[in-house]
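Coordinates as given in start_12.cif (mmCIF, C-alpha atoms):
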data_protein
loop_
_atom_site.label_atom_id
_atom_site.label_comp_id
_atom_site.auth_asym_id
_atom_site.auth_seq_id
_atom_site.Cartn_x
_atom_site.Cartn_y
_atom_site.Cartn_z
CA MET A 1 96.81 116.43 91.03
CA VAL A 2 95.48 113.64 93.20
CA PRO A 3 91.88 114.24 94.34
CA LEU A 4 91.08 114.31 98.02
CA SER A 5 88.65 111.42 97.62
CA ALA A 6 91.55 109.14 96.60
CA TYR A 7 93.24 109.72 99.95
CA VAL A 8 89.95 109.22 101.77
CA ALA A 9 89.39 105.96 99.89
CA VAL A 10 92.86 104.65 100.82
CA SER A 11 92.26 105.56 104.43
CA ALA A 12 88.83 103.88 104.45
CA VAL A 13 90.24 100.65 103.00
CA LEU A 14 93.07 100.63 105.55
CA PHE A 15 90.65 101.36 108.40
CA ILE A 16 88.37 98.50 107.42
CA THR A 17 91.37 96.17 107.10
CA GLY A 18 92.44 97.08 110.62
CA LEU A 19 88.91 96.66 111.94
CA LEU A 20 88.72 93.16 110.44
CA GLY A 21 92.11 92.35 111.96
CA VAL A 22 90.96 93.42 115.42
CA LEU A 23 87.83 91.33 115.12
CA ILE A 24 89.10 88.07 113.65
CA ARG A 25 92.74 87.62 114.70
CA ARG A 26 93.57 85.42 117.67
CA ASN A 27 96.99 86.65 118.75
CA PHE A 28 96.78 89.67 121.03
CA ILE A 29 99.88 91.29 119.53
CA ILE A 30 98.41 91.14 116.02
CA VAL A 31 95.24 92.72 117.40
CA LEU A 32 97.35 95.61 118.70
CA MET A 33 99.07 95.87 115.30
CA SER A 34 95.66 96.11 113.64
CA VAL A 35 94.83 98.98 115.99
CA GLU A 36 97.98 100.68 114.70
CA ILE A 37 96.72 100.21 111.13
CA MET A 38 93.46 101.91 112.08
CA LEU A 39 95.30 104.82 113.71
CA ASN A 40 97.41 105.23 110.57
CA ALA A 41 94.29 105.29 108.42
CA ALA A 42 92.93 108.10 110.59
CA ASN A 43 96.24 109.93 110.25
CA ILE A 44 96.14 109.75 106.43
CA ASN A 45 92.64 111.19 106.54
CA LEU A 46 93.61 114.04 108.87
CA VAL A 47 96.71 115.03 106.92
CA ALA A 48 94.90 114.87 103.57
CA PHE A 49 92.13 117.13 104.81
CA SER A 50 94.71 119.42 106.38
CA TYR A 51 96.39 119.77 102.98
CA TYR A 52 93.28 120.24 100.89
CA LEU A 53 91.47 122.57 103.32
CA GLU A 54 94.69 124.54 103.96
CA SER A 55 94.55 124.26 107.72
CA MET A 56 97.30 123.18 110.11
CA ALA A 57 94.93 121.65 112.67
CA GLY A 58 94.80 118.25 110.97
CA GLN A 59 98.57 117.75 111.14
CA LEU A 60 98.62 118.69 114.82
CA VAL A 61 95.89 116.21 115.68
CA ALA A 62 97.77 113.56 113.68
CA LEU A 63 100.83 114.32 115.78
CA PHE A 64 98.83 113.86 118.99
CA ILE A 65 97.46 110.59 117.61
CA ILE A 66 101.02 109.34 117.06
CA ALA A 67 101.89 110.23 120.67
CA ILE A 68 98.82 108.42 121.97
CA ALA A 69 99.61 105.40 119.79
CA ALA A 70 103.06 105.25 121.38
CA GLY A 71 101.55 105.24 124.88
CA GLU A 72 98.96 102.66 123.88
CA ALA A 73 101.63 100.36 122.43
CA ALA A 74 103.76 100.62 125.60
CA ILE A 75 100.88 99.84 127.95
CA GLY A 76 99.44 97.10 125.71
CA LEU A 77 102.77 95.31 125.37
CA ALA A 78 103.40 95.59 129.14
CA ILE A 79 100.01 93.97 129.74
CA ILE A 80 100.92 91.18 127.29
CA ILE A 81 104.19 90.58 129.14
CA VAL A 82 102.36 90.35 132.49
CA VAL A 83 99.82 87.92 131.05
CA PHE A 84 102.54 85.83 129.41
CA ARG A 85 104.56 85.70 132.65
CA GLY A 86 101.52 84.21 134.38
CA LYS A 87 101.75 81.26 131.94
CA ILE A 88 98.49 82.30 130.38
CA SER A 89 98.05 82.05 126.63
CA THR A 90 98.20 85.32 124.72
CA ASN A 91 95.36 84.33 122.43
CA VAL A 92 92.40 86.61 122.94
CA ASP A 93 89.88 83.77 122.98
CA GLU A 94 91.69 81.99 125.83
CA MET A 95 92.32 85.04 128.00
CA ASN A 96 89.41 85.09 130.42
CA LEU A 97 90.91 86.45 133.65
CA LEU A 98 88.33 89.21 133.85
CA LYS A 99 85.42 86.94 133.04
CA TRP A 100 83.32 85.83 136.00
CA MET B 1 104.52 112.33 88.64
CA VAL B 2 102.71 112.88 91.92
CA LEU B 3 100.00 110.56 90.67
CA VAL B 4 102.55 107.78 90.04
CA PHE B 5 103.99 108.14 93.53
CA PHE B 6 100.53 108.31 95.08
CA THR B 7 99.46 105.13 93.28
CA TYR B 8 102.61 103.33 94.41
CA PHE B 9 102.35 104.40 98.06
CA ALA B 10 98.61 103.80 98.24
CA LEU B 11 98.72 100.36 96.64
CA VAL B 12 101.69 99.15 98.67
CA SER B 13 100.25 100.44 101.93
CA ILE B 14 96.94 98.68 101.29
CA VAL B 15 98.70 95.43 100.33
CA ALA B 16 100.93 95.69 103.42
CA GLY B 17 97.89 96.34 105.61
CA VAL B 18 96.13 93.26 104.27
CA MET B 19 99.30 91.22 104.77
CA THR B 20 99.59 92.45 108.37
CA VAL B 21 96.14 91.11 109.07
CA ALA B 22 96.38 87.96 106.96
CA LEU B 23 99.87 86.53 107.48
CA LYS B 24 100.27 83.65 109.89
CA HIS B 25 103.58 84.22 111.63
CA PRO B 26 103.57 87.23 114.03
CA VAL B 27 107.06 88.38 112.99
CA HIS B 28 106.01 88.46 109.33
CA CYS B 29 103.01 90.53 110.39
CA GLY B 30 105.38 92.94 112.15
CA LEU B 31 107.51 93.31 109.03
CA ALA B 32 104.41 93.90 106.88
CA LEU B 33 103.41 96.58 109.41
CA LEU B 34 106.84 98.17 108.91
CA ALA B 35 106.22 98.34 105.14
CA LEU B 36 102.80 99.88 105.81
CA LEU B 37 104.19 102.55 108.13
CA LEU B 38 106.96 103.56 105.72
CA HIS B 39 104.58 103.86 102.78
CA VAL B 40 102.09 105.86 104.83
CA SER B 41 104.96 108.22 105.62
CA GLY B 42 105.48 108.50 101.84
CA LEU B 43 101.85 109.64 101.54
CA PHE B 44 102.61 112.31 104.16
CA ILE B 45 105.46 113.62 101.98
CA LEU B 46 103.07 113.94 99.05
CA LEU B 47 100.81 116.05 101.30
CA ASN B 48 103.58 118.51 102.21
CA ALA B 49 103.82 117.21 105.79
CA GLU B 50 107.56 116.64 106.13
CA PHE B 51 107.51 116.98 109.90
CA LEU B 52 104.89 114.25 110.21
CA TRP B 53 106.95 112.13 107.81
CA ALA B 54 109.96 112.42 110.14
CA VAL B 55 107.83 111.71 113.20
CA GLN B 56 106.24 108.72 111.50
CA VAL B 57 109.61 107.22 110.58
CA ILE B 58 111.26 107.93 113.94
CA VAL B 59 108.41 107.23 116.35
CA TYR B 60 106.36 104.62 114.49
CA ALA B 61 108.91 102.69 112.46
CA GLY B 62 111.77 103.37 114.86
CA ALA B 63 110.26 103.07 118.32
CA ILE B 64 106.82 101.46 118.32
CA LEU B 65 107.60 98.77 115.77
CA VAL B 66 110.88 97.86 117.46
CA LEU B 67 108.94 97.55 120.73
CA TYR B 68 106.52 95.14 119.04
CA LEU B 69 109.34 93.08 117.55
CA PHE B 70 111.17 92.98 120.90
CA VAL B 71 108.09 91.64 122.66
CA LEU B 72 107.48 89.12 119.87
CA MET B 73 111.03 87.80 120.11
CA LEU B 74 110.99 87.89 123.92
CA MET B 75 107.92 85.68 124.04
CA ASN B 76 109.08 83.35 121.25
CA LEU B 77 105.57 82.48 120.20
CA LYS B 78 104.81 79.30 118.39
CA THR B 79 102.71 79.67 115.28
CA ASP B 80 99.42 77.99 115.94
CA ASP B 81 97.55 76.16 113.23
CA ARG B 82 94.49 78.16 114.12
CA TYR B 83 95.34 81.81 113.92
CA LEU B 84 91.86 83.26 113.66
CA HIS B 85 89.62 83.93 116.62
CA SER B 86 87.61 80.85 117.59
CA SER B 87 84.31 82.60 116.93
CA TYR B 88 85.38 84.82 114.06
CA ARG B 89 82.42 83.78 111.95
CA TYR B 90 80.13 85.69 114.27
CA PHE B 91 82.26 88.81 113.83
CA LEU B 92 82.31 88.72 110.04
CA ALA B 93 78.73 89.91 109.57
CA PRO B 94 79.08 92.89 111.97
CA ALA B 95 82.41 93.76 110.35
CA ALA B 96 80.86 93.73 106.87
CA LEU B 97 77.93 95.82 108.13
CA GLY B 98 80.36 98.27 109.75
CA SER B 99 82.35 98.57 106.52
CA VAL B 100 79.19 99.30 104.55
CA TYR B 101 78.25 101.91 107.15
CA VAL B 102 81.68 103.56 106.94
CA LEU B 103 81.54 103.60 103.13
CA SER B 104 78.02 105.05 103.10
CA LEU B 105 79.08 107.79 105.54
CA LEU B 106 82.04 108.46 103.27
CA LEU B 107 79.88 108.78 100.17
CA ARG B 108 77.46 111.15 101.89
CA SER B 109 79.98 113.36 103.64
CA PRO B 110 80.84 116.78 102.24
CA PHE B 111 84.44 117.01 101.12
CA ALA B 112 84.63 120.76 100.69
CA GLY B 113 84.74 123.18 103.57
CA ALA B 114 85.90 126.57 104.70
CA LYS B 115 89.58 127.01 103.90
CA GLY B 116 91.90 127.54 106.83
CA ASP B 117 94.73 129.98 107.28
CA ALA B 118 97.64 127.82 106.10
CA PRO B 119 97.73 127.72 102.29
CA THR B 120 100.38 125.60 100.60
CA VAL B 121 102.50 128.57 99.57
CA ALA B 122 102.68 129.90 103.14
CA VAL B 123 103.59 126.44 104.49
CA LEU B 124 106.27 125.88 101.87
CA GLN B 125 107.84 129.30 102.52
CA ASP B 126 109.20 128.49 105.98
CA GLY B 127 108.76 124.74 105.90
CA ASP B 128 106.23 122.42 107.48
CA THR B 129 108.14 122.08 110.75
CA TYR B 130 107.98 125.83 111.28
CA ALA B 131 104.25 125.94 110.58
CA VAL B 132 103.51 123.00 112.91
CA GLY B 133 105.68 124.48 115.65
CA ILE B 134 104.10 127.93 115.50
CA LYS B 135 100.62 126.44 115.60
CA MET B 136 101.41 123.93 118.35
CA PHE B 137 103.03 126.35 120.74
CA SER B 138 100.42 129.06 120.29
CA GLU B 139 96.95 127.57 119.92
CA TYR B 140 97.53 123.96 120.99
CA LEU B 141 99.76 124.54 124.00
CA LEU B 142 97.32 123.03 126.52
CA GLN B 143 96.87 119.87 124.40
CA PHE B 144 100.64 119.62 124.07
CA GLU B 145 101.05 119.70 127.86
CA ILE B 146 98.26 117.15 128.31
CA VAL B 147 100.01 114.79 125.88
CA GLY B 148 103.20 115.24 127.89
CA VAL B 149 101.45 114.22 131.12
CA PHE B 150 99.79 111.32 129.29
CA LEU B 151 103.13 110.02 128.05
CA LEU B 152 104.60 110.30 131.56
CA GLY B 153 101.66 108.27 132.87
CA ALA B 154 102.14 105.68 130.12
CA VAL B 155 105.85 105.33 130.93
CA ILE B 156 105.19 104.89 134.65
CA GLY B 157 102.35 102.46 133.96
CA ALA B 158 104.49 100.34 131.61
CA ILE B 159 107.33 100.18 134.16
CA VAL B 160 104.98 99.24 137.01
CA LEU B 161 103.29 96.57 134.90
CA ALA B 162 106.42 94.99 133.47
CA LYS B 163 108.45 95.02 136.71
CA THR B 164 109.23 91.62 138.19
CA PRO B 165 106.92 91.23 141.17
CA LYS B 166 108.52 90.60 144.57
CA PRO B 167 107.96 87.09 145.88
CA ILE B 168 105.20 87.15 148.47
CA VAL B 169 106.48 84.09 150.38
CA GLU B 170 109.55 85.96 151.59
CA LYS B 171 107.43 88.62 153.28
CA ARG B 172 105.30 86.11 155.14
CA GLY B 173 108.36 84.38 156.58
CA ARG B 174 109.47 87.42 158.55
#
As structure tokens, the full file:
Amino acid sequence: MVPLSAYVAVSAVLFITGLLGVLIRRNFIIVLMSVEIMLNAANINLVAFSYYLESMAGQLVALFIIAIAAGEAAIGLAIIIVVFRGKISTNVDEMNLLKW
Amino acid sequence: MVLVFFTYFALVSIVAGVMTVALKHPVHCGLALLALLLHVSGLFILLNAEFLWAVQVIVYAGAILVLYLFVLMLMNLKTDDRYLHSSYRYFLAPAALGSVYVLSLLLRSPFAGAKGDAPTVAVLQDGDTYAVGIKMFSEYLLQFEIVGVFLLGAVIGAIVLAKTPKPIVEKRGR
């Protein structure tokens, strides 16, 4: 029997990895991928608690998170395509269209 | 046996997550993300969530990841020498502080709670898909509809954003 804290530990490590990726990577697409890692860490947490506390709510919220991740990926990649079409670099430290 | 599988899935998903963040070439990062998603879906199987396993494989590994890889190959990015953010040193300290904060919250949080109404035996009797469906279309119907509207908005937004803009010069000439 795997303890609940093991799942929580895995999810915490994955979440922190994704957070570091968002903060230090330069390519915008990798930043979006790191956001996906963080969403997956949250999903592991929700499903583990749903199993150990014998409630279905965690799995449903995880399902909604997957749907929202799909929408976020579609919009984020569309924004990247628009930026790339404008011959602007897709590195986050060179994108300054919204900076005054 | 479950412990062996858990160790395998947990270790490989953590290694794949670190590789996603650390590898240089974006396509390699995408493939590491694929490994991460598949192993996380293995963790879902261990937690009796077969429906989420299927959704994870179909939606995440099948749709979202392919979208990422399509965009990566469409843009044909060169690998830069410098692949970290230009001021990443300033982010490292806040990131470390944030990790410590998350871990301290984790250590202090209560792990036990009131048990819900879906014990393992009841879920396994009719299957996880049945349990999720009954719950979703009774108590979570409004949220389900909201997610539907959200996805419609996301689809329209993505089409509007990615559409080739009409040339403005042609309009002025008329």
Discussion item. Would you pick out the contacts of Ile45 (chain B) at 12 Å or less, using only C-alpha atoms, so that residues sharing its chain but fewer than 2 positions from it are not included, and give the list as a ChimeraX atom specification?
Written reply: /A:44,47-48,51 /B:2,5-6,9,38-43,47-57,128
Practice prompt. Taking the file above as input, evaluate the PyMOL selection byres ((chain B and resi 89-106) around 8) and report the hits as a PyMOL selection string.
Written response: (chain A and resi 12+16+19-20+23-24) or (chain B and resi 87-88+107-109)
Worksheet entry | Answer key for the PyMOL selection byres ((chain A and resi 45) around 9), residues as an MDAnalysis selection string | chainID A and resid 7:8 10:12 40:44 46:50 58
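When only C-alpha atoms are used to compute distances to Leu77 (chain A), the closest of the residues B:Met136, B:Leu151, B:Val15, B:Leu67 turns out to be B:Leu67.
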Item to complete: Compile the contact shell of Leu53 (chain A) as a PyMOL selection string: residues with an atom at most 8 Å away, counting all atoms listed in the file, same-chain residues fewer than 4 positions apart removed.
Response: (chain A and resi 49) or (chain B and resi 112-116)
Practice prompt. Check what the PyMOL selection byres ((chain A and resi 85) around 12) selects in the file above and give those residues as JSON, numbers by chain.
Written response: {"A": [78, 79, 80, 81, 82, 83, 84, 86, 87, 88, 89, 90], "B": [74, 75, 161, 162, 163, 164, 165]}
Item to complete: Kindly indicate which residue among A:Glu94, A:Leu60, A:Arg25, A:Lys99 lies nearest to Ile134 (chain B), using all atoms listed in the file for the distances.
Response: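 Ranked by minimum distance to Ile134 (chain B), first place goes to A:Leu60.
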Item to complete: Counting only C-alpha atoms, write as an MDAnalysis selection string all protein and nucleic acid residues lying at most 10 Å from (101.6, 99.1, 123.0) in the file's frame.
Response: (chainID A and resid 29 32:33 35:36 68:80) or (chainID B and resid 64:65 67:68 71 154 158)
Worksheet item: For chain A, which residue among B:Val12, B:Ala118, B:Val27, B:Leu69 is the nearest when counting only C-alpha atoms?
Response: B:Ala118
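If you look at CA of Leu14 (chain A) and CA of Gln59 (chain A), they are 18.8 Å away from each other.
The coordinates place CA of Gly21 (chain A) at 23.8 Å from CA of Thr7 (chain B).
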Practice prompt. Please tell me which residues are no farther than 9 Å from (92.6, 85.8, 120.8) in the file, counting all atoms listed in the file, and write them as a ChimeraX atom specification.
Written response: /A:24-28,31,89-95 /B:83-86
Worksheet item: How far is it from CA of Ser138 (chain B) to CA of Met56 (chain A), in Å with one decimal?
Response: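 Straight-line distance from CA of Ser138 (chain B) to CA of Met56 (chain A) works out to 12.2 Å.
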Discussion item. I'd like to know which of A:Met1, A:Leu63, A:Val13, A:Ile37 is closest to Leu11 (chain B), using all atoms listed in the file.
Written reply: A:Val13
Met19 (chain B) environment, 12 Å, only C-alpha atoms, sequence neighbours closer than 5 positions dropped, as a PDB file with C-alpha atoms, keeping the file's coordinate frame:
ATOM      1  CA  LEU A  14      93.070 100.630 105.550  1.00  0.00           C
ATOM      2  CA  THR A  17      91.370  96.170 107.100  1.00  0.00           C
ATOM      3  CA  GLY A  18      92.440  97.080 110.620  1.00  0.00           C
ATOM      4  CA  GLY A  21      92.110  92.350 111.960  1.00  0.00           C
ATOM      5  CA  ILE A  30      98.410  91.140 116.020  1.00  0.00           C
ATOM      6  CA  MET A  33      99.070  95.870 115.300  1.00  0.00           C
ATOM      7  CA  SER A  34      95.660  96.110 113.640  1.00  0.00           C
ATOM      8  CA  ILE A  37      96.720 100.210 111.130  1.00  0.00           C
TER       9      ILE A  37
ATOM     10  CA  VAL B  12     101.690  99.150  98.670  1.00  0.00           C
ATOM     11  CA  SER B  13     100.250 100.440 101.930  1.00  0.00           C
ATOM     12  CA  ILE B  14      96.940  98.680 101.290  1.00  0.00           C
ATOM     13  CA  LYS B  24     100.270  83.650 109.890  1.00  0.00           C
ATOM     14  CA  HIS B  25     103.580  84.220 111.630  1.00  0.00           C
ATOM     15  CA  PRO B  26     103.570  87.230 114.030  1.00  0.00           C
ATOM     16  CA  VAL B  27     107.060  88.380 112.990  1.00  0.00           C
ATOM     17  CA  HIS B  28     106.010  88.460 109.330  1.00  0.00           C
ATOM     18  CA  CYS B  29     103.010  90.530 110.390  1.00  0.00           C
ATOM     19  CA  GLY B  30     105.380  92.940 112.150  1.00  0.00           C
ATOM     20  CA  LEU B  31     107.510  93.310 109.030  1.00  0.00           C
ATOM     21  CA  ALA B  32     104.410  93.900 106.880  1.00  0.00           C
ATOM     22  CA  LEU B  33     103.410  96.580 109.410  1.00  0.00           C
ATOM     23  CA  LEU B  34     106.840  98.170 108.910  1.00  0.00           C
ATOM     24  CA  ALA B  35     106.220  98.340 105.140  1.00  0.00           C
ATOM     25  CA  LEU B  36     102.800  99.880 105.810  1.00  0.00           C
TER      26      LEU B  36
END
Worksheet, complete the sentence: Nearest to chain A, restricted to all atoms listed in the file and choosing among B:Ile58, B:Val18, B:Val4, B:Ile156, comes out as B:Val18
